[in-house]
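**Q** My questions will all concern the structure given below.
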Amino acid sequence: MRELYREVWRRRELIHQLVRGQQQASIHGMRLGSLWFTLVPLVQIAIYYFLIMVIFSSGAQSASSFMIITMGIMHYALLINVGSYTKPAIHTQASLLLQVKLEPFVLIAAGFVRTLILSRTGIVLFFLCYAFTLETVSLRLLAYPFILLAWIMLSWLIGIAMATMAVYVRDLERLFPILLQILMYASPVLYAANMFPASYQTILLLNPIASMFALFQWSLFDAPVALMQPILVIFFWLVVGTWGAHRFYLRMRPHFTKVL
Amino acid sequence: MNDARIALTDVSIRFRMAYQNNNSLPVVAKECFNKLRGRWQPEYFYALSNVSLAVRSGEIVGVLGRNGSGKSTLLRTICGIYTPDTGAVQVDGRVSALLQLGTGFNPVLSGRNNIWLGGLTLGLSRAQIEAQMPAIIAFAELESFIDIPMRYYSSGMMSRLSFAMVVAMEPDILLIDETLSVGDIGFQKKSRNAMQDLLQKASCQMIVSHDMDTIERICTRAILVEQGKILADDVPAKVITEYHHLLNLAPEAATPAQSVHHMMSPSLSV
């Protein structure tokens with residue numbers, strides 16, 4: 001054992017160079033550089049403050065916390081997988097795009113198909129669990145496939161925008177997981193939608209992900225949600241997102257190969 | 001210009017030099033400040049500058065030039081990888097660019113699955129790949145290894161498979177960048193014959209090579225690219241002389257070095 005540590009000491013210059021190289025590679029091309037490592041704990045503080053002081057101190061109770069959390073995590077995993085497999089779809093294939101004329105949108109689509117494949121098991125598992133514990137069948141359940149479809153469409157649009165942006169803004173590699181965390185806690189993913197304090201509800205539901213999960217809970221758990229606002233918010237974001245994400249991609253596409 | 005299969009009119013391609021430098025916060029802050037003051041001007045590097053070129057059916061054009069002169073950018077622009085900042089590119093026919101062997105391969109997949117993947121990436125249809133599969137495997141001499149993961153292949157085996165796929169593509173317009181030297185001596189002979197066949201089938205070709213023998217022997221025309229501009233466009237012998245002048249080399253003086261280069265990369269000696 002002593003030999004191992006002696007070797008470590010003997011190779012301390014190499015260790016220094018390896019760490020320096022890895023550190024530089026991890027922030028390569030990022031505008032905020034090492035600042036990201038400070039930003040992450042600061043965001044955590046804000047998130048936990050929001051959860052403890054706003055959500056859990058609202059006093060509202062949810063009927064089936066386990067199923068709500070399972071539903072939330074399994075469906076939110078779709079967006080997490082967008083971050084892992086759709087967002088880097090273009091910039092990780094730089095060498096291919098510089099050798100072959102290939103529409104980069106195909107790569108985004110391939111990344112999203114992978115996202116769907118990896119997310120579907122979780123959603124199916126949740127649904128089996130849900131069906132097993134279901135006591136009464138509500139007609140609201142009929143809306144679930146449409147809400148799920150809207151969620152997939154929204155994730156796809158986010159995927160297009162993120163994959164395009166990731167070519168230019170390398171900071172997205174650090175920023176996107178932070179955004180995902182903020183969005184997860186600012187949306188009723190891990191708690192019931194009625195735990196939103198009434199005074200915050202209108203503002204928080206402007207976030208399409210919050211509206212989406214409010215609708216999921218309405219459909220699957222008969223949650224008391226006023227439907228009009230979430231539906232309008234989701235419709236608005238889908239229309240604007242479809243136009244905006246595709247336009248953004250088409251505008252940036254001619255320059256991809258020059259930046260990669 | 002009407003019968004041209006490839007036509008470039010005043011094409012310029014530029015890259016922003018600052019792309020590699022703007023990754024730190026102070027630099028970005030300074031850039032934003034200068035933008036607000038209207039004083040920010042990005043620095044550009046012109047890889048191609050007002051290039052006009054027409055390649056007709058039956059022509060085999062050799063592209064000469066020093067490293068970094070814009071040869072590869074020219075081929076990439078013709079096959080649509082780069083979009084010109086100014087000017088227009090017109091290409092009439094199916095383009096196949098052999099810019100690098102092994103494009104689109106995944107080492108985790110088997111050789112057979114990589115033929116599917118590589119073929120689809122290069123634009124072949126499922127039917128074309130299925131029809132060509134036995135020929136590709138036979139040409140690459142990989143019958144016994146085609147179903148094992150590619151990460152177990154030697155570099156020679158991988159290159160052979162790559163080259164076999166290129167041969168199977170049967171392109172209309174063929175763009176070749178640098179050497180295609182692959183495999184052992186036996187396979188190199190086979191690949192030279194295949195290239196010869198390929199060059200006869202394609203209606204026009206552009207070949208980037210530093211191998212003067214190849215350019216002089218197989219090309220009907222040559223162009224010399226320097227700093228993103230076409231300096232000379234003539235019969236290969238004259239353009240090669242121009243190239244030697246550019247390098248400050250007399251043709252005779254260049255011969256020994258070239259013969260060494262030729263020994264090292266004989267694949268384009270078709």
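In the structure tokens, each chain is lettered A, B, ... as it comes, each chain's residues begin at 1, and ligands are numbered from 1 in order of appearance.
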Can you tell me which residues surround region 73-89 of chain A at a distance of at most 8 Å, considering only C-alpha atoms, apart from same-chain residues fewer than 3 positions away, and format the answer as a JSON list (two decimals) with N, CA and C atoms, in the first residue's frame?
**A**
```
[["chain", "number", "residue", "atom", "x", "y", "z"],
["A", 69, "ILE", "N", -45.59, 11.43, -6.82],
["A", 69, "ILE", "CA", -44.13, 11.51, -7.03],
["A", 69, "ILE", "C", -43.70, 10.57, -8.15],
["A", 70, "THR", "N", -44.27, 9.35, -8.15],
["A", 70, "THR", "CA", -43.91, 8.38, -9.20],
["A", 70, "THR", "C", -44.30, 8.93, -10.57],
["A", 92, "THR", "N", -22.13, 16.75, -30.68],
["A", 92, "THR", "CA", -21.31, 15.55, -30.48],
["A", 92, "THR", "C", -21.04, 14.82, -31.81],
["A", 93, "GLN", "N", -21.73, 15.23, -32.86],
["A", 93, "GLN", "CA", -21.51, 14.60, -34.17],
["A", 93, "GLN", "C", -20.77, 15.54, -35.11],
["A", 107, "LEU", "N", -30.16, 14.28, -36.89],
["A", 107, "LEU", "CA", -29.46, 13.90, -35.66],
["A", 107, "LEU", "C", -30.28, 14.27, -34.43],
["A", 108, "ILE", "N", -30.96, 15.43, -34.50],
["A", 108, "ILE", "CA", -31.82, 15.82, -33.37],
["A", 108, "ILE", "C", -32.94, 14.80, -33.23],
["A", 109, "ALA", "N", -33.51, 14.41, -34.38],
["A", 109, "ALA", "CA", -34.60, 13.42, -34.36],
["A", 109, "ALA", "C", -34.11, 12.11, -33.77],
["A", 110, "ALA", "N", -32.90, 11.69, -34.17],
["A", 110, "ALA", "CA", -32.35, 10.43, -33.64],
["A", 110, "ALA", "C", -32.16, 10.53, -32.13],
["A", 111, "GLY", "N", -31.68, 11.69, -31.67],
["A", 111, "GLY", "CA", -31.50, 11.91, -30.23],
["A", 111, "GLY", "C", -32.83, 11.86, -29.51],
["A", 112, "PHE", "N", -33.87, 12.40, -30.15],
["A", 112, "PHE", "CA", -35.18, 12.42, -29.48],
["A", 112, "PHE", "C", -35.82, 11.03, -29.47],
["A", 114, "ARG", "N", -34.17, 8.31, -29.21],
["A", 114, "ARG", "CA", -33.48, 7.65, -28.10],
["A", 114, "ARG", "C", -34.07, 8.10, -26.76],
["A", 115, "THR", "N", -34.35, 9.39, -26.67],
["A", 115, "THR", "CA", -34.98, 9.96, -25.47],
["A", 115, "THR", "C", -36.31, 9.25, -25.18],
["A", 116, "LEU", "N", -37.11, 9.09, -26.23],
["A", 116, "LEU", "CA", -38.43, 8.45, -26.06],
["A", 116, "LEU", "C", -38.28, 7.00, -25.63],
["A", 118, "LEU", "N", -35.84, 5.60, -24.04],
["A", 118, "LEU", "CA", -35.35, 5.48, -22.66],
["A", 118, "LEU", "C", -36.39, 5.94, -21.63],
["A", 119, "SER", "N", -37.33, 6.77, -22.08],
["A", 119, "SER", "CA", -38.33, 7.29, -21.13],
["A", 119, "SER", "C", -39.57, 6.40, -21.06],
["A", 122, "GLY", "N", -40.21, 3.88, -18.01],
["A", 122, "GLY", "CA", -40.64, 4.52, -16.77],
["A", 122, "GLY", "C", -42.11, 4.86, -16.80],
["A", 123, "ILE", "N", -42.55, 5.40, -17.93],
["A", 123, "ILE", "CA", -43.96, 5.80, -18.05],
["A", 123, "ILE", "C", -44.86, 4.57, -18.02],
["A", 126, "PHE", "N", -44.99, 3.27, -14.45],
["A", 126, "PHE", "CA", -45.88, 4.09, -13.64],
["A", 126, "PHE", "C", -47.32, 3.70, -13.93],
["A", 152, "ILE", "N", -44.98, 15.25, -24.88],
["A", 152, "ILE", "CA", -43.94, 14.77, -25.81],
["A", 152, "ILE", "C", -43.62, 15.87, -26.83],
["A", 155, "SER", "N", -41.60, 18.58, -25.20],
["A", 155, "SER", "CA", -40.21, 18.11, -24.99],
["A", 155, "SER", "C", -39.44, 18.14, -26.31],
["A", 156, "TRP", "N", -40.09, 17.76, -27.39],
["A", 156, "TRP", "CA", -39.47, 17.78, -28.72],
["A", 156, "TRP", "C", -39.05, 19.20, -29.11],
["A", 158, "ILE", "N", -38.51, 21.70, -27.08],
["A", 158, "ILE", "CA", -37.40, 22.11, -26.20],
["A", 158, "ILE", "C", -36.11, 21.47, -26.71],
["A", 159, "GLY", "N", -36.20, 20.21, -27.14],
["A", 159, "GLY", "CA", -35.04, 19.48, -27.68],
["A", 159, "GLY", "C", -34.46, 20.17, -28.90],
["A", 160, "ILE", "N", -35.31, 20.61, -29.82],
["A", 160, "ILE", "CA", -34.82, 21.29, -31.04],
["A", 160, "ILE", "C", -34.08, 22.57, -30.65],
["A", 162, "MET", "N", -32.78, 23.42, -27.74],
["A", 162, "MET", "CA", -31.57, 23.18, -26.94],
["A", 162, "MET", "C", -30.43, 22.64, -27.80],
["A", 163, "ALA", "N", -30.75, 21.71, -28.70],
["A", 163, "ALA", "CA", -29.71, 21.12, -29.57],
["A", 163, "ALA", "C", -29.10, 22.20, -30.46],
["A", 164, "THR", "N", -29.93, 23.13, -30.94],
["A", 164, "THR", "CA", -29.44, 24.22, -31.79],
["A", 164, "THR", "C", -28.55, 25.15, -30.96],
["A", 166, "ALA", "N", -27.02, 24.53, -28.19],
["A", 166, "ALA", "CA", -25.82, 23.88, -27.64],
["A", 166, "ALA", "C", -24.62, 23.96, -28.59],
["A", 176, "PHE", "N", -28.26, 23.74, -18.46],
["A", 176, "PHE", "CA", -29.49, 22.95, -18.66],
["A", 176, "PHE", "C", -29.85, 22.10, -17.44],
["A", 177, "PRO", "N", -28.90, 21.39, -16.82],
["A", 177, "PRO", "CA", -29.27, 20.64, -15.60],
["A", 177, "PRO", "C", -29.80, 21.55, -14.49],
["A", 180, "LEU", "N", -33.28, 22.45, -15.43],
["A", 180, "LEU", "CA", -34.15, 21.29, -15.20],
["A", 180, "LEU", "C", -34.54, 21.19, -13.72],
["A", 184, "MET", "N", -38.20, 21.65, -12.29],
["A", 184, "MET", "CA", -38.82, 20.50, -11.59],
["A", 184, "MET", "C", -39.44, 20.94, -10.27],
["A", 189, "VAL", "N", -44.19, 18.60, -9.87],
["A", 189, "VAL", "CA", -43.69, 17.29, -10.27],
["A", 189, "VAL", "C", -43.65, 16.36, -9.05],
["A", 190, "LEU", "N", -43.17, 16.90, -7.93],
["A", 190, "LEU", "CA", -43.00, 16.07, -6.72],
["A", 190, "LEU", "C", -44.06, 16.36, -5.66]]
```
**Q** Compile the residues of chain A that lie within 12 Å of chain B, evaluated using only C-alpha atoms, and express the compilation as an MDAnalysis selection string.
**A** chainID A and resid 24 27:36 93:104 106:107 167:171 252:260
**Q** Please return, as an mmCIF file with C-alpha atoms, in the first residue's frame, all residues of region 131-251 of chain B that DSSP assigns to helix (DSSP H, G or I) on the basis of the backbone.
**A**
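Once everything was written out, this is states_17.cif:
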```cif
data_model
loop_
_atom_site.group_PDB
_atom_site.id
_atom_site.type_symbol
_atom_site.label_atom_id
_atom_site.label_comp_id
_atom_site.auth_asym_id
_atom_site.auth_seq_id
_atom_site.Cartn_x
_atom_site.Cartn_y
_atom_site.Cartn_z
ATOM 1 C CA ALA B 131 -27.861 -5.433 -52.832
ATOM 2 C CA GLN B 132 -24.272 -4.307 -52.264
ATOM 3 C CA MET B 133 -23.737 -6.072 -48.925
ATOM 4 C CA PRO B 134 -22.138 -9.319 -50.272
ATOM 5 C CA ALA B 135 -19.890 -7.353 -52.647
ATOM 6 C CA ILE B 136 -18.779 -4.979 -49.863
ATOM 7 C CA ILE B 137 -17.958 -7.875 -47.512
ATOM 8 C CA ALA B 138 -16.107 -9.755 -50.236
ATOM 9 C CA PHE B 139 -14.184 -6.688 -51.393
ATOM 10 C CA ALA B 140 -13.156 -5.874 -47.814
ATOM 11 C CA MET B 150 -15.757 -3.283 -35.090
ATOM 12 C CA ARG B 151 -13.690 -2.367 -32.018
ATOM 13 C CA TYR B 152 -11.923 -5.709 -32.446
ATOM 14 C CA SER B 155 -7.003 -0.376 -38.419
ATOM 15 C CA GLY B 156 -6.345 -2.069 -41.765
ATOM 16 C CA MET B 157 -9.569 -4.092 -41.544
ATOM 17 C CA MET B 158 -11.550 -0.980 -40.681
ATOM 18 C CA SER B 159 -10.044 0.967 -43.563
ATOM 19 C CA ARG B 160 -10.719 -1.897 -45.976
ATOM 20 C CA LEU B 161 -14.367 -1.967 -45.006
ATOM 21 C CA SER B 162 -14.545 1.791 -45.337
ATOM 22 C CA PHE B 163 -12.996 1.733 -48.772
ATOM 23 C CA ALA B 164 -15.234 -1.128 -49.916
ATOM 24 C CA MET B 165 -18.256 1.003 -49.034
ATOM 25 C CA VAL B 166 -16.934 3.942 -51.001
ATOM 26 C CA VAL B 167 -16.451 1.728 -54.045
ATOM 27 C CA ALA B 168 -20.024 0.444 -53.686
ATOM 28 C CA ILE B 185 0.156 -4.350 -50.601
ATOM 29 C CA GLY B 186 -2.317 -6.893 -52.028
ATOM 30 C CA PHE B 187 -5.311 -4.834 -51.003
ATOM 31 C CA GLN B 188 -3.685 -1.628 -52.270
ATOM 32 C CA LYS B 189 -3.451 -3.158 -55.744
ATOM 33 C CA LYS B 190 -7.104 -4.127 -55.553
ATOM 34 C CA SER B 191 -8.088 -0.658 -54.307
ATOM 35 C CA ARG B 192 -6.123 1.011 -57.117
ATOM 36 C CA ASN B 193 -8.067 -1.006 -59.700
ATOM 37 C CA ALA B 194 -11.336 -0.199 -57.943
ATOM 38 C CA MET B 195 -10.487 3.505 -57.911
ATOM 39 C CA GLN B 196 -9.665 3.362 -61.602
ATOM 40 C CA ASP B 197 -13.076 1.801 -62.200
ATOM 41 C CA LEU B 198 -14.730 4.415 -60.009
ATOM 42 C CA LEU B 199 -13.043 7.262 -61.838
ATOM 43 C CA GLN B 200 -14.325 5.913 -65.159
ATOM 44 C CA LYS B 201 -17.906 5.555 -63.908
ATOM 45 C CA MET B 212 2.013 15.206 -58.213
ATOM 46 C CA ASP B 213 2.412 11.937 -60.148
ATOM 47 C CA THR B 214 -1.223 11.077 -59.583
ATOM 48 C CA ILE B 215 -2.438 14.557 -60.518
ATOM 49 C CA GLU B 216 -0.373 14.618 -63.699
ATOM 50 C CA ARG B 217 -1.305 11.086 -64.739
ATOM 51 C CA ILE B 218 -5.050 10.925 -64.137
ATOM 52 C CA PRO B 236 -1.869 19.589 -64.777
ATOM 53 C CA ALA B 237 1.739 19.978 -65.936
ATOM 54 C CA LYS B 238 1.528 23.782 -65.983
ATOM 55 C CA VAL B 239 -0.287 23.999 -62.652
ATOM 56 C CA ILE B 240 2.245 21.674 -61.028
ATOM 57 C CA THR B 241 5.020 23.984 -62.235
ATOM 58 C CA GLU B 242 3.145 26.946 -60.744
ATOM 59 C CA TYR B 243 2.799 25.008 -57.506
ATOM 60 C CA HIS B 244 6.530 24.344 -57.418
ATOM 61 C CA HIS B 245 7.183 28.059 -57.958
ATOM 62 C CA LEU B 246 4.846 28.802 -55.075
ATOM 63 C CA PRO B 251 10.398 20.525 -60.147
#
```
**Q** Determine which residues of region 85-169 of chain B receive a DSSP assignment of strand (DSSP E or B), computed from the backbone, and state them as a PyMOL selection string.
**A** chain B and resi 86-91+95-98+110+149
